[in-house]
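Q: One structure follows; several queries about it will come next.
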Amino acid sequence: MKTQSSFKRLRVIAKSKKIKNKKQGLMRKVKYISITPQQKKEISAEIGCCLQAVYNALSYKTDGDLAGRVRALAMKKGGFIAYKNV
């Protein structure tokens, strides 16, 4: 019985020392369209969709007809394509 509990204890210690993120230090670029929050509200009212749909389209999380219209309208309103490191 003692060997089993000591084995469990060793297993817990081994798990706690593991590195959670092996790719620590590596960054990737994420593309998005930058506009003001007021412009996001205007786009959602003009197209007739919710703010979450506008946010997803501008951060390139969705790719469809609605997302294309949102991105085109954002660029016409003065938005610009930007990149951030994640």
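Every chain in the structure tokens takes a letter, A first, then B, and so on in the order presented; its residues are numbered from 1, and the ligands are numbered from 1 following the presented order.
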Taking 4 positions as the minimum chain separation for residues in the same chain, which residues sit within 9 Å of A:Ile47 when counting only C-alpha atoms? Answer as a list of chain:residue names.

A: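 What passes the distance filter is A:Glu42, A:Ile43, A:Leu66, A:Arg69, A:Val70.
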
Q: Name the residues in contact with A:Ile81 at a cut-off of 12 Å, using only C-alpha atoms, excluding same-chain residues fewer than 5 positions from it; report them as a PyMOL selection string.

A: chain A and resi 30-35+58-60+71-72+74-75

Q: For the selection just defined, write its residues with C-alpha atoms to a file, as an mmCIF file, in the first residue's frame.

A:
```cif
data_model
loop_
_atom_site.group_PDB
_atom_site.id
_atom_site.type_symbol
_atom_site.label_atom_id
_atom_site.label_comp_id
_atom_site.auth_asym_id
_atom_site.auth_seq_id
_atom_site.Cartn_x
_atom_site.Cartn_y
_atom_site.Cartn_z
ATOM 1 C CA VAL A 30 -3.000 37.804 -36.560
ATOM 2 C CA LYS A 31 -4.647 39.955 -39.218
ATOM 3 C CA TYR A 32 -7.557 42.272 -38.373
ATOM 4 C CA ILE A 33 -9.253 45.447 -39.611
ATOM 5 C CA SER A 34 -9.005 48.357 -37.203
ATOM 6 C CA ILE A 35 -11.937 50.776 -36.839
ATOM 7 C CA LEU A 58 -13.155 42.229 -38.711
ATOM 8 C CA SER A 59 -10.906 39.769 -36.891
ATOM 9 C CA TYR A 60 -11.190 37.251 -39.778
ATOM 10 C CA ARG A 71 -15.058 44.109 -44.249
ATOM 11 C CA ALA A 72 -15.758 46.051 -47.444
ATOM 12 C CA ALA A 74 -15.234 48.927 -42.851
ATOM 13 C CA MET A 75 -12.556 49.677 -45.438
#
```

Q: Neighbouring residues of stretch 50-53 of chain A were defined as those with any atom within 8 Å, considering only C-alpha atoms; residues of the same chain fewer than 3 positions away were excluded. Please report them as a list of chain:residue names.

A: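 Near neighbours after the sequence-gap exclusion: A:Lys40, A:Lys41, A:Ser44, A:Ala45, A:Asn56, A:Ala57, A:Ala67.
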